[in-house]
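S.K.: Dumping the structure here so I can ask a few things about it.
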Amino acid sequence: MRRLLVIGAGTAGVITVNKLRKKLPRSEWEITVVDPADTHDYQPGYLFLAVGMYTPKKVGRPLAKLIPRGVNLVKAAVQDVKPAENVVVLTDGTVLAYDYLVIATGTTPRPDQTPGMDGKLWHDSVHSFYTYADALALRDKLEKFEGGKVVVHVTEMPIKCPVAPLEIAFLAEAYFTKRGIRDKVQMTYVTPLPGAFTKPVAAAALGDMLGKRRITVEPDYIIERVDEDAKAIFSYDEREIPFDLLVTIPLNMGADFIGRSGLGDELNFVSVNKETLQSTKFANVFAVGDATNAPTSKAGAVAHYELDLFPKNFLQLIAGKEMTHKFDGHATCFVESGHGKGLLIDFSYDVEPLPGSFPIPVLGPMRLLKETRLNHLGKLAFRFVYWWLLLPGRYIPISPYMSMRGKRRPAGN
């Protein structure tokens, strides 16, 4: 009996076990997934939860119900991976042996890595929304907020869902407008990037949207500390930005055990071949989803496209063949822009977000890099797709490979 062990039952981990259980004979393969959680959360819902658009019931479901028959679910946390010995050690001392390992532990916000961020102002005047608890705390704060300086701040890239900070800025602006207090709120978007996004065409479009909503952009900002007494953030070049409400995206890091195992980089993301997701150090170890150091977005759509290809590669590998299905970094992200509209961006390792149509060239029906009501409805509809198609590993008729069909590059770019 050969043993496949998956660490992590987030988006990528659940898709992995659902897809591979269908392809690996039960008489030959034992599949085990390890995760300490009881509940699996639809993480894009945290944004809507924070601004009162979702109730908690719309966010989480029991994890056990998402794991297919024939897969062992071990409710535990991992202490160490010993790849040279092909074993994983749990925090209770249990040792799990494997023939192949898939790491799907995602990424975690670490406010403790920035001085003052998780101090006495945390969940008071300093908030985030990247966890269930954080989103609920921000919701409660926004309900009582009556005006002042609101700062939406990104610590450092990479982060989970790189457009989410923009989305919370747009949604908060719409929320304040709906409550009739927008004129009492001064909003600033603070980013370590030179603009609103990593690529110039999208950065121009998104930056223009921020400007129209009277949200000031403070670029190239590398935070040094949160000053609790001054209620301000300070950069390493001593730029001071005061706040009454700071919505921050802390430094994101992979699981600590990845660092201890020698499999990861300085942020504990697993070092992989960006096309096959195979560890650069151990041929029987893979990482999927947000746990990798692949230079693409840490987002659910990336896990979707990766895991359309990874099972095919895995079957080739165990058959002694070359892995031929090369992931190109494809990512498709809805950007909720508030006021009942949204954008859609589609890009890859080599192609930046461009205007056009998706998924069908010319016909769409979605429009890329354009605010539409349909894109907003698409974002809302994705929750159904997530629970009933994506996680169970069912077929979704969108190619995992990036296509230039239906896209156009603006003049001068």
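Following the order of the structure tokens, first chain is A, next is B, and so on, with residues numbered from 1 inside each chain and ligands from 1 in the order they appear.
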For range 162-178 of chain A, please output as a PDB file with N, CA and C atoms, in the first residue's frame all residues within 6 Å (counting only C-alpha atoms; exclusion window: fewer than 2 positions along the same chain).
M.R.:
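So the final result, stored in result-v7.pdb, reads:
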ATOM      1  N   ILE A 159       0.880  38.487  -0.225  1.00  0.00           N
ATOM      2  CA  ILE A 159      -0.211  38.313   0.723  1.00  0.00           C
ATOM      3  C   ILE A 159      -1.284  37.428   0.091  1.00  0.00           C
ATOM      4  N   LYS A 160      -2.118  36.856   0.931  1.00  0.00           N
ATOM      5  CA  LYS A 160      -3.254  36.091   0.451  1.00  0.00           C
ATOM      6  C   LYS A 160      -4.219  37.029  -0.276  1.00  0.00           C
ATOM      7  N   GLY A 180     -24.197  57.345   5.253  1.00  0.00           N
ATOM      8  CA  GLY A 180     -24.302  58.796   5.235  1.00  0.00           C
ATOM      9  C   GLY A 180     -23.205  59.520   5.975  1.00  0.00           C
ATOM     10  N   ILE A 181     -22.059  58.837   6.189  1.00  0.00           N
ATOM     11  CA  ILE A 181     -20.961  59.472   6.931  1.00  0.00           C
ATOM     12  C   ILE A 181     -19.693  59.605   6.087  1.00  0.00           C
ATOM     13  N   ARG A 182     -19.810  59.397   4.752  1.00  0.00           N
ATOM     14  CA  ARG A 182     -18.600  59.420   3.919  1.00  0.00           C
ATOM     15  C   ARG A 182     -17.850  60.735   4.050  1.00  0.00           C
ATOM     16  N   GLU A 336     -14.101  43.212  -5.933  1.00  0.00           N
ATOM     17  CA  GLU A 336     -15.337  43.865  -5.509  1.00  0.00           C
ATOM     18  C   GLU A 336     -15.053  45.350  -5.303  1.00  0.00           C
ATOM     19  N   SER A 337     -15.772  46.207  -6.031  1.00  0.00           N
ATOM     20  CA  SER A 337     -15.459  47.633  -5.994  1.00  0.00           C
ATOM     21  C   SER A 337     -16.517  48.466  -5.287  1.00  0.00           C
ATOM     22  N   GLY A 338     -17.500  47.817  -4.680  1.00  0.00           N
ATOM     23  CA  GLY A 338     -18.514  48.537  -3.931  1.00  0.00           C
ATOM     24  C   GLY A 338     -19.612  49.089  -4.821  1.00  0.00           C
ATOM     25  N   HIS A 339     -20.694  49.531  -4.191  1.00  0.00           N
ATOM     26  CA  HIS A 339     -21.811  50.132  -4.909  1.00  0.00           C
ATOM     27  C   HIS A 339     -22.407  49.174  -5.950  1.00  0.00           C
TER      28      HIS A 339
END
S.K.: List as a ChimeraX atom specification the protein and nucleic acid residues near Phe282 in chain A, meaning an atom at most 9 Å away when only C-alpha atoms are counted, but skip any in the same chain fewer than 5 places from it.
M.R.: /A:83-84,263
S.K.: Go through A:Gly148, A:Gly195, A:Pro158, A:Gly364 one by one, measure the shortest atom-to-atom distance of each to Ala294 in chain A using only C-alpha atoms, and give the residue with the smallest value.
M.R.: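 Ranking A:Gly148, A:Gly195, A:Pro158, A:Gly364 by distance to Ala294 in chain A, first place goes to A:Pro158.
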S.K.: What's around Asp350 in chain A at 10 Å? Count only C-alpha atoms, leave out sequence neighbours fewer than 4 positions away in its own chain, and write the answer as a tab-separated table (two decimals) with C-alpha atoms, in the first residue's frame.
M.R.:
chain	number	residue	atom	x	y	z
A	296	THR	CA	1.82	34.08	-8.67
A	328	ASP	CA	1.78	29.05	-16.15
A	329	GLY	CA	0.79	31.05	-13.08
A	330	HIS	CA	-2.76	31.63	-14.31
A	402	MET	CA	-3.75	31.59	-19.61
S.K.: My list of candidates is A:Pro397, A:Gly60, A:Pro410, A:Pro109. Which is closest to Asn252 in chain A when distances are computed with only C-alpha atoms?
M.R.: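 Using only C-alpha atoms, the shortest distance to Asn252 in chain A belongs to A:Pro109.
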S.K.: Of the candidates A:Lys65, A:Lys407, A:Lys22, A:His325, which one gets nearest to Pro359 in chain A if we count only C-alpha atoms?
M.R.: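 Of all the options, A:Lys407 lies closest to Pro359 in chain A.
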S.K.: Do you know which residues are at most 10 Å from Leu245 in chain A counting only C-alpha atoms, after dropping those on the same chain fewer than 5 positions away, and could you put them as a ChimeraX atom specification?
M.R.: /A:121,123-127,138,141-142,145,147-152,187,231-232
S.K.: Can those selected residues be exported to a file as a PDB file, in the first residue's frame so that it contains C-alpha atoms?
M.R.:
ATOM      1  CA  LEU A 121      -4.920  48.647  19.989  1.00  0.00           C
ATOM      2  CA  HIS A 123      -9.227  44.784  17.657  1.00  0.00           C
ATOM      3  CA  ASP A 124      -9.788  48.295  19.035  1.00  0.00           C
ATOM      4  CA  SER A 125      -8.373  50.848  16.605  1.00  0.00           C
ATOM      5  CA  VAL A 126      -6.201  48.360  14.686  1.00  0.00           C
ATOM      6  CA  HIS A 127      -8.006  45.700  12.704  1.00  0.00           C
ATOM      7  CA  LEU A 138     -13.893  44.725  12.117  1.00  0.00           C
ATOM      8  CA  LYS A 141     -15.990  48.331  14.802  1.00  0.00           C
ATOM      9  CA  LEU A 142     -17.442  49.611  11.528  1.00  0.00           C
ATOM     10  CA  PHE A 145     -17.567  54.098  13.598  1.00  0.00           C
ATOM     11  CA  GLY A 147     -15.895  59.277  11.277  1.00  0.00           C
ATOM     12  CA  GLY A 148     -12.207  60.110  11.269  1.00  0.00           C
ATOM     13  CA  LYS A 149      -9.032  58.949   9.556  1.00  0.00           C
ATOM     14  CA  VAL A 150      -9.297  55.446   8.051  1.00  0.00           C
ATOM     15  CA  VAL A 151      -6.075  53.867   6.813  1.00  0.00           C
ATOM     16  CA  VAL A 152      -6.046  50.649   4.780  1.00  0.00           C
ATOM     17  CA  MET A 187      -9.425  57.496   3.646  1.00  0.00           C
ATOM     18  CA  LYS A 231      -2.137  56.211  16.910  1.00  0.00           C
ATOM     19  CA  ALA A 232      -0.019  56.335  13.770  1.00  0.00           C
TER      20      ALA A 232
END
S.K.: Please identify all polymer residues within 9 Å of Ala64 in chain A, counting only C-alpha atoms, omitting same-chain residues fewer than 5 positions from it, and present them as a PyMOL selection string.
M.R.: chain A and resi 38-40+73
S.K.: Output the selection as a PDB file, in the first residue's frame - C-alpha atoms for each residue.
M.R.:
ATOM      1  CA  ASP A  38     -13.278  21.588  12.702  1.00  0.00           C
ATOM      2  CA  THR A  39     -14.584  24.115  10.178  1.00  0.00           C
ATOM      3  CA  HIS A  40     -13.614  25.011   6.639  1.00  0.00           C
ATOM      4  CA  LEU A  73      -8.966  12.898   8.215  1.00  0.00           C
TER       5      LEU A  73
END
S.K.: With only C-alpha atoms as the counted atoms, please give the residues lying no more than 12 Å from Lys341 in chain A, apart from itself and same-chain residues fewer than 3 positions off, as a list of chain:residue names.
M.R.: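 Close residues of Lys341 in chain A: A:Glu167, A:Phe170, A:Leu171, A:Ala174, A:Met209, A:Phe334, A:Val335, A:Glu336, A:Ser337, A:Gly338, A:Leu344, A:Arg367, A:Leu369, A:Lys370, A:Glu371, A:Thr372, A:Arg373, A:Leu374, A:Asn375, A:His376, A:Leu377, A:Gly378, A:Lys379, A:Leu380.
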S.K.: Could those residues be written to a file, using N, CA and C atoms, as a PDB file, in the first residue's frame?
M.R.:
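Result file is again04.pdb:
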ATOM      1  N   GLU A 167     -10.182  45.736  -2.209  1.00  0.00           N
ATOM      2  CA  GLU A 167     -11.599  45.451  -2.032  1.00  0.00           C
ATOM      3  C   GLU A 167     -12.122  45.991  -0.711  1.00  0.00           C
ATOM      4  N   PHE A 170     -12.572  49.712  -1.075  1.00  0.00           N
ATOM      5  CA  PHE A 170     -13.755  50.054  -1.862  1.00  0.00           C
ATOM      6  C   PHE A 170     -15.042  49.763  -1.091  1.00  0.00           C
ATOM      7  N   LEU A 171     -15.092  48.604  -0.448  1.00  0.00           N
ATOM      8  CA  LEU A 171     -16.304  48.227   0.286  1.00  0.00           C
ATOM      9  C   LEU A 171     -16.531  49.138   1.492  1.00  0.00           C
ATOM     10  N   ALA A 174     -17.949  52.391   0.229  1.00  0.00           N
ATOM     11  CA  ALA A 174     -19.370  52.232  -0.079  1.00  0.00           C
ATOM     12  C   ALA A 174     -20.202  52.123   1.200  1.00  0.00           C
ATOM     13  N   MET A 209      -9.687  54.363  -9.882  1.00  0.00           N
ATOM     14  CA  MET A 209     -10.880  54.076  -9.087  1.00  0.00           C
ATOM     15  C   MET A 209     -10.740  54.601  -7.666  1.00  0.00           C
ATOM     16  N   PHE A 334     -11.880  38.230  -9.099  1.00  0.00           N
ATOM     17  CA  PHE A 334     -12.884  39.281  -9.016  1.00  0.00           C
ATOM     18  C   PHE A 334     -12.391  40.338  -8.025  1.00  0.00           C
ATOM     19  N   VAL A 335     -12.624  41.590  -8.345  1.00  0.00           N
ATOM     20  CA  VAL A 335     -12.284  42.701  -7.461  1.00  0.00           C
ATOM     21  C   VAL A 335     -13.589  43.424  -7.133  1.00  0.00           C
ATOM     22  N   GLU A 336     -14.101  43.212  -5.933  1.00  0.00           N
ATOM     23  CA  GLU A 336     -15.337  43.865  -5.509  1.00  0.00           C
ATOM     24  C   GLU A 336     -15.053  45.350  -5.303  1.00  0.00           C
ATOM     25  N   SER A 337     -15.772  46.207  -6.031  1.00  0.00           N
ATOM     26  CA  SER A 337     -15.459  47.633  -5.994  1.00  0.00           C
ATOM     27  C   SER A 337     -16.517  48.466  -5.287  1.00  0.00           C
ATOM     28  N   GLY A 338     -17.500  47.817  -4.680  1.00  0.00           N
ATOM     29  CA  GLY A 338     -18.514  48.537  -3.931  1.00  0.00           C
ATOM     30  C   GLY A 338     -19.612  49.089  -4.821  1.00  0.00           C
ATOM     31  N   LEU A 344     -12.932  42.317 -12.968  1.00  0.00           N
ATOM     32  CA  LEU A 344     -12.355  40.991 -13.105  1.00  0.00           C
ATOM     33  C   LEU A 344     -10.992  41.145 -13.752  1.00  0.00           C
ATOM     34  N   ARG A 367     -16.433  41.249 -18.303  1.00  0.00           N
ATOM     35  CA  ARG A 367     -15.513  42.222 -18.887  1.00  0.00           C
ATOM     36  C   ARG A 367     -14.322  42.402 -17.965  1.00  0.00           C
ATOM     37  N   LEU A 369     -11.045  44.207 -16.397  1.00  0.00           N
ATOM     38  CA  LEU A 369     -10.592  45.552 -16.025  1.00  0.00           C
ATOM     39  C   LEU A 369     -11.652  46.614 -16.293  1.00  0.00           C
ATOM     40  N   LYS A 370     -12.919  46.243 -16.088  1.00  0.00           N
ATOM     41  CA  LYS A 370     -14.007  47.179 -16.253  1.00  0.00           C
ATOM     42  C   LYS A 370     -15.027  46.949 -15.153  1.00  0.00           C
ATOM     43  N   GLU A 371     -15.444  48.040 -14.504  1.00  0.00           N
ATOM     44  CA  GLU A 371     -16.462  47.927 -13.458  1.00  0.00           C
ATOM     45  C   GLU A 371     -17.821  47.622 -14.067  1.00  0.00           C
ATOM     46  N   THR A 372     -18.413  46.502 -13.660  1.00  0.00           N
ATOM     47  CA  THR A 372     -19.751  46.161 -14.141  1.00  0.00           C
ATOM     48  C   THR A 372     -20.565  45.531 -13.017  1.00  0.00           C
ATOM     49  N   ARG A 373     -21.866  45.589 -13.179  1.00  0.00           N
ATOM     50  CA  ARG A 373     -22.765  44.910 -12.251  1.00  0.00           C
ATOM     51  C   ARG A 373     -22.613  43.404 -12.373  1.00  0.00           C
ATOM     52  N   LEU A 374     -22.382  42.909 -13.595  1.00  0.00           N
ATOM     53  CA  LEU A 374     -22.249  41.474 -13.811  1.00  0.00           C
ATOM     54  C   LEU A 374     -21.035  40.908 -13.095  1.00  0.00           C
ATOM     55  N   ASN A 375     -19.933  41.663 -13.065  1.00  0.00           N
ATOM     56  CA  ASN A 375     -18.756  41.187 -12.337  1.00  0.00           C
ATOM     57  C   ASN A 375     -19.038  41.058 -10.838  1.00  0.00           C
ATOM     58  N   HIS A 376     -19.813  41.989 -10.309  1.00  0.00           N
ATOM     59  CA  HIS A 376     -20.224  41.902  -8.902  1.00  0.00           C
ATOM     60  C   HIS A 376     -21.082  40.658  -8.669  1.00  0.00           C
ATOM     61  N   LEU A 377     -22.021  40.410  -9.558  1.00  0.00           N
ATOM     62  CA  LEU A 377     -22.866  39.226  -9.428  1.00  0.00           C
ATOM     63  C   LEU A 377     -22.039  37.950  -9.568  1.00  0.00           C
ATOM     64  N   GLY A 378     -21.024  38.009 -10.432  1.00  0.00           N
ATOM     65  CA  GLY A 378     -20.122  36.869 -10.569  1.00  0.00           C
ATOM     66  C   GLY A 378     -19.372  36.574  -9.284  1.00  0.00           C
ATOM     67  N   LYS A 379     -18.940  37.627  -8.595  1.00  0.00           N
ATOM     68  CA  LYS A 379     -18.266  37.455  -7.301  1.00  0.00           C
ATOM     69  C   LYS A 379     -19.199  36.787  -6.300  1.00  0.00           C
ATOM     70  N   LEU A 380     -20.457  37.228  -6.260  1.00  0.00           N
ATOM     71  CA  LEU A 380     -21.421  36.633  -5.332  1.00  0.00           C
ATOM     72  C   LEU A 380     -21.702  35.177  -5.699  1.00  0.00           C
TER      73      LEU A 380
END
S.K.: Leaving out Ile223 in chain A and any residue of its chain fewer than 5 positions from it, which residues lie within 10 Å of it when counting only C-alpha atoms, given as a list of chain:residue names?
M.R.: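 Selected residues are A:Thr114, A:Pro115, A:His153, A:Val154, A:Thr155, A:Glu156, A:Val190, A:Thr191, A:Pro192, A:Ile233, A:Phe234, A:Ser235, A:Tyr236, A:Asp237, A:Glu238, A:Arg239, A:Glu240.
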S.K.: Output as a VMD selection string all residues of range 161-320 of chain A that backbone DSSP marks as strand (DSSP E or B).
M.R.: chain A and resid 185 to 190 215 to 218 223 to 227 232 to 235 240 to 242 245 to 249 252 to 253 264 270 272 278 to 279 285 to 287 292 298
S.K.: CA of Leu90 in chain A and CA of Ser279 in chain A, how far apart in Å?
M.R.: 21.0 Å
